[in-house]
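Below is upload33.pdb, which holds PDB, C-alpha atoms and all ligand atoms.
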```pdb
MODEL        1
ATOM      1  CA  MET A  15    -102.900 -52.449 -74.515
ATOM      2  CA  THR A  16    -104.526 -55.761 -73.747
ATOM      3  CA  GLU A  17    -102.172 -57.767 -71.555
ATOM      4  CA  PHE A  18    -104.936 -58.704 -69.171
ATOM      5  CA  THR A  19    -105.976 -62.095 -70.385
ATOM      6  CA  ASP A  20    -103.989 -64.354 -68.118
ATOM      7  CA  PRO A  21    -105.124 -64.335 -64.475
ATOM      8  CA  PRO A  22    -108.469 -66.104 -64.206
ATOM      9  CA  VAL A  23    -111.054 -64.101 -62.342
ATOM     10  CA  SER A  24    -112.268 -66.889 -60.117
ATOM     11  CA  GLU A  25    -108.821 -67.577 -58.737
ATOM     12  CA  ALA A  26    -108.330 -63.959 -57.760
ATOM     13  CA  ALA A  27    -111.772 -63.962 -56.174
ATOM     14  CA  VAL A  28    -111.042 -67.127 -54.230
ATOM     15  CA  ARG A  29    -107.882 -65.608 -52.849
ATOM     16  CA  VAL A  30    -109.636 -62.462 -51.682
ATOM     17  CA  ILE A  31    -112.489 -64.415 -50.159
ATOM     18  CA  ALA A  32    -110.167 -66.818 -48.386
ATOM     19  CA  ALA A  33    -108.273 -63.915 -46.886
ATOM     20  CA  PHE A  34    -111.484 -62.316 -45.782
ATOM     21  CA  ALA A  35    -112.903 -65.530 -44.371
ATOM     22  CA  SER A  36    -109.846 -66.149 -42.215
ATOM     23  CA  ARG A  37    -110.643 -63.063 -40.189
ATOM     24  CA  GLU A  38    -112.218 -63.803 -36.838
ATOM     25  CA  SER A  39    -115.002 -61.309 -37.395
ATOM     26  CA  ALA A  40    -116.071 -62.680 -40.760
ATOM     27  CA  THR A  41    -119.550 -64.163 -40.590
ATOM     28  CA  VAL A  42    -120.891 -66.734 -42.990
ATOM     29  CA  LYS A  43    -123.322 -64.168 -44.290
ATOM     30  CA  ASP A  44    -120.529 -61.733 -45.033
ATOM     31  CA  ILE A  45    -118.525 -64.386 -46.782
ATOM     32  CA  LEU A  46    -121.459 -65.480 -48.883
ATOM     33  CA  ALA A  47    -122.272 -61.918 -49.810
ATOM     34  CA  LEU A  48    -118.677 -61.331 -50.752
ATOM     35  CA  THR A  49    -118.575 -64.564 -52.690
ATOM     36  CA  GLN A  50    -121.497 -63.417 -54.746
ATOM     37  CA  ALA A  51    -120.425 -59.833 -55.202
ATOM     38  CA  LEU A  52    -116.746 -60.316 -55.805
ATOM     39  CA  PRO A  53    -116.637 -62.162 -59.124
ATOM     40  CA  ALA A  54    -118.895 -59.507 -60.614
ATOM     41  CA  ALA A  55    -116.733 -56.767 -59.167
ATOM     42  CA  LEU A  56    -113.572 -58.349 -60.489
ATOM     43  CA  THR A  57    -115.021 -58.944 -63.915
ATOM     44  CA  GLY A  58    -116.140 -55.346 -63.795
ATOM     45  CA  LEU A  59    -112.537 -54.300 -63.312
ATOM     46  CA  GLN A  60    -111.442 -56.440 -66.163
ATOM     47  CA  SER A  61    -114.338 -55.974 -68.483
ATOM     48  CA  ALA A  62    -112.686 -54.551 -71.467
ATOM     49  CA  PRO A  63    -114.390 -55.188 -74.813
ATOM     50  CA  GLU A  64    -116.584 -58.226 -74.466
ATOM     51  CA  LYS A  65    -115.150 -61.591 -75.204
ATOM     52  CA  PRO A  66    -118.222 -63.702 -75.587
ATOM     53  CA  GLY A  67    -118.295 -67.020 -73.774
ATOM     54  CA  MET A  68    -115.051 -66.586 -71.874
ATOM     55  CA  SER A  69    -115.575 -64.662 -68.688
ATOM     56  CA  LYS A  70    -118.953 -65.862 -67.424
ATOM     57  CA  PHE A  71    -117.803 -69.429 -67.339
ATOM     58  CA  SER A  72    -115.471 -69.335 -64.371
ATOM     59  CA  VAL A  73    -117.866 -67.194 -62.369
ATOM     60  CA  GLN A  74    -120.590 -69.786 -62.638
ATOM     61  CA  THR A  75    -118.447 -72.728 -61.605
ATOM     62  CA  ALA A  76    -117.182 -70.751 -58.638
ATOM     63  CA  THR A  77    -120.646 -70.231 -57.201
ATOM     64  CA  GLU A  78    -121.903 -73.805 -57.543
ATOM     65  CA  THR A  79    -120.055 -75.143 -54.528
ATOM     66  CA  ALA A  80    -119.487 -72.964 -51.496
ATOM     67  CA  ILE A  81    -115.963 -71.657 -51.205
ATOM     68  CA  PRO A  82    -114.263 -73.125 -48.130
ATOM     69  CA  ALA A  83    -112.804 -70.793 -45.534
ATOM     70  CA  VAL A  84    -109.593 -72.795 -45.689
ATOM     71  CA  PRO A  85    -108.422 -75.154 -48.427
ATOM     72  CA  VAL A  86    -110.076 -78.531 -47.928
ATOM     73  CA  ALA A  87    -106.700 -80.262 -47.990
ATOM     74  CA  GLU A  88    -105.580 -78.129 -45.071
ATOM     75  CA  SER A  89    -108.761 -78.413 -43.063
ATOM     76  CA  VAL A  90    -107.822 -81.665 -41.337
ATOM     77  CA  THR A  91    -104.823 -82.149 -39.095
ATOM     78  CA  ASP A  92    -104.209 -85.005 -36.680
ATOM     79  CA  ASP A  93    -105.578 -83.016 -33.780
ATOM     80  CA  SER A  94    -108.248 -80.827 -35.300
ATOM     81  CA  VAL A  95    -110.712 -80.355 -38.105
ATOM     82  CA  THR A  96    -111.420 -76.876 -39.396
ATOM     83  CA  CYS A  97    -114.932 -75.759 -40.201
ATOM     84  CA  LEU A  98    -114.979 -74.818 -43.865
ATOM     85  CA  CYS A  99    -117.853 -72.425 -43.210
ATOM     86  CA  CYS A 100    -116.130 -70.190 -40.691
ATOM     87  CA  GLY A 101    -112.528 -71.377 -40.452
ATOM     88  CA  ARG A 102    -112.621 -72.289 -36.760
ATOM     89  CA  SER A 103    -110.990 -75.517 -35.583
ATOM     90  CA  PHE A 104    -112.565 -78.252 -33.497
ATOM     91  CA  THR A 105    -111.959 -81.814 -32.447
ATOM     92  CA  MET A 106    -115.335 -82.687 -33.935
ATOM     93  CA  LEU A 107    -117.515 -80.663 -36.232
ATOM     94  CA  LYS A 108    -120.928 -82.237 -35.973
ATOM     95  CA  ARG A 109    -122.289 -80.247 -33.064
ATOM     96  CA  HIS A 110    -120.747 -77.016 -34.303
ATOM     97  CA  LEU A 111    -122.243 -77.404 -37.766
ATOM     98  CA  ARG A 112    -125.687 -77.915 -36.272
ATOM     99  CA  ALA A 113    -125.458 -75.115 -33.758
ATOM    100  CA  GLU A 114    -123.683 -72.455 -35.770
ATOM    101  CA  HIS A 115    -124.614 -73.162 -39.349
ATOM    102  CA  GLY A 116    -127.760 -75.305 -39.157
ATOM    103  CA  LEU A 117    -126.090 -77.977 -41.260
ATOM    104  CA  SER A 118    -126.109 -81.723 -40.892
ATOM    105  CA  GLU A 119    -122.914 -83.586 -41.733
ATOM    106  CA  GLY A 120    -124.505 -84.530 -45.037
ATOM    107  CA  ASP A 121    -125.455 -80.922 -45.848
ATOM    108  CA  TYR A 122    -121.928 -79.889 -45.063
ATOM    109  CA  ARG A 123    -120.386 -82.489 -47.349
ATOM    110  CA  ILE A 124    -122.685 -81.454 -50.164
ATOM    111  CA  LYS A 125    -122.090 -77.776 -49.594
ATOM    112  CA  PHE A 126    -118.339 -78.150 -49.998
ATOM    113  CA  ASN A 127    -118.388 -81.152 -52.287
ATOM    114  CA  LEU A 128    -116.531 -83.331 -49.775
ATOM    115  CA  ASP A 129    -115.852 -87.039 -50.100
ATOM    116  CA  ASP A 130    -117.759 -89.386 -47.846
ATOM    117  CA  ASP A 131    -114.561 -90.267 -46.065
ATOM    118  CA  HIS A 132    -113.529 -86.673 -45.442
ATOM    119  CA  PRO A 133    -113.092 -86.705 -41.656
ATOM    120  CA  LEU A 134    -115.332 -84.478 -39.555
ATOM    121  CA  VAL A 135    -113.631 -85.612 -36.370
ATOM    122  CA  ALA A 136    -109.943 -85.049 -35.683
ATOM    123  CA  PRO A 137    -108.165 -88.338 -36.504
ATOM    124  CA  ASN A 138    -106.305 -88.443 -33.182
ATOM    125  CA  TYR A 139    -109.509 -87.810 -31.321
ATOM    126  CA  SER A 140    -111.396 -90.624 -32.979
ATOM    127  CA  LEU A 141    -108.435 -92.909 -32.388
ATOM    128  CA  ARG A 142    -108.464 -92.006 -28.705
ATOM    129  CA  LYS A 143    -112.177 -92.545 -28.588
ATOM    130  CA  ALA A 144    -111.942 -95.947 -30.176
ATOM    131  CA  ASP A 145    -109.174 -96.802 -27.764
ATOM    132  CA  TYR A 146    -111.217 -95.623 -24.843
ATOM    133  CA  ALA A 147    -114.269 -97.501 -26.029
ATOM    134  CA  LYS A 148    -112.223-100.637 -26.274
ATOM    135  CA  LYS A 149    -110.825-100.249 -22.773
ATOM    136  CA  ALA A 150    -113.981 -99.052 -21.106
ATOM    137  CA  GLY A 151    -116.741-100.921 -22.804
ATOM    138  CA  LEU A 152    -115.915-103.481 -25.391
ATOM    139  CA  GLY A 153    -113.311-105.304 -23.328
ATOM    140  CA  ARG A 154    -115.636-105.763 -20.413
ATOM    141  CA  TYR A 155    -118.490-106.683 -22.688
ATOM    142  CA  ALA A 156    -116.461-109.426 -24.275
ATOM    143  CA  ARG A 157    -115.433-110.712 -20.875
ATOM    144  CA  ASP A 158    -119.017-110.781 -19.650
ATOM    145  CA  GLU A 159    -120.048-112.656 -22.687
ATOM    146  CA  ALA A 160    -117.287-115.150 -22.161
ATOM    147  CA  VAL A 161    -118.418-115.610 -18.590
ATOM    148  CA  GLN A 162    -121.961-116.177 -19.701
ATOM    149  CA  GLU A 163    -120.843-118.624 -22.291
ATOM    150  CA  ASN A 164    -118.898-120.541 -19.689
ATOM    151  CA  LEU A 165    -121.927-120.638 -17.412
ATOM    152  CA  GLY A 166    -124.003-121.787 -20.326
ATOM    153  CA  THR A 167    -121.761-124.714 -21.060
ATOM    154  CA  GLN A 168    -121.588-125.705 -17.415
ATOM    155  CA  LEU A 169    -125.349-125.963 -17.081
TER     156      LEU A 169
HETATM  157 ZN    ZN B   1    -118.238 -73.048 -38.581
ENDMDL
END
```

Here is the file; what I need is its structure written in the form of structure tokens.
Amino acid sequence: MTEFTDPPVSEAAVRVIAAFASRESATVKDILALTQALPAALTGLQSAPEKPGMSKFSVQTATETAIPAVPVAESVTDDSVTCLCCGRSFTMLKRHLRAEHGLSEGDYRIKFNLDDDHPLVAPNYSLRKADYAKKAGLGRYARDEAVQENLGTQL
């Protein structure tokens, strides 16, 4: 009669929320509301005779960090970074986070417990940018400096 012990509630909740969050129409507010309501709903389904100490645990850890719209490991490709709040992809997230979610990069990292080196700009894009900067600015700057140095030594 009690074969229900195995699947952890939080994992089921995460799956449902992730599916919901991947819909275009899902707003952050909806996702957050769902995130809060779902574990309770799922425990409700499962709540057979109380097992003290077991079930509440996973629910609490699940709500501490926000649940990303896509798995963090899948949120960065060479050409795009995916916003973990809403699941949309960009070449750079900074402006989007500010405009759509009112988050700074730091807020965002904290919210999803991201490493400091988790890229918020698509790797290819930042490579291109660095390349461009080198060609457009840095190269010329170095040349100018060299010219000035030469002038300096001549005087
Ligand atoms: Zn977003």

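With distances restricted to only C-alpha atoms and all ligand atoms, A:Val42 is the closest residue to ligand ZN 1 (chain B) from A:Val42, A:Val90, A:Leu52, A:Ala47.
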
### All residues having an atom within 12 Å of ligand ZN 1 (chain B) (all atoms listed in the file) as a PyMOL selection string
chain A and resi 35-36+38+40-43+45+82-84+89+95-104+106-119+122+134

### Query
Which is closest to Asp93 of chain A among A:Ala32, A:Leu141, A:Ala150, A:Ala27, if we use only C-alpha atoms?
A:Leu141

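Taken over the shown file, the PyMOL selection byres (((chain A and resi 138) around 10) and not hetatm) identifies Thr91, Asp92, Asp93, Ser94, Thr105, Val135, Ala136, Pro137, Tyr139, Ser140, Leu141, Arg142, Lys143 and Ala144 of chain A.
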
### Message
Rounded to one decimal, what separation in Å do you get between atom CA of Glu88 of chain A and atom CA of Ile124 of chain A?
### Response
18.2 Å

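In this structure, atom CA of Leu48 of chain A sits 12.8 Å away from atom CA of Ala26 of chain A.
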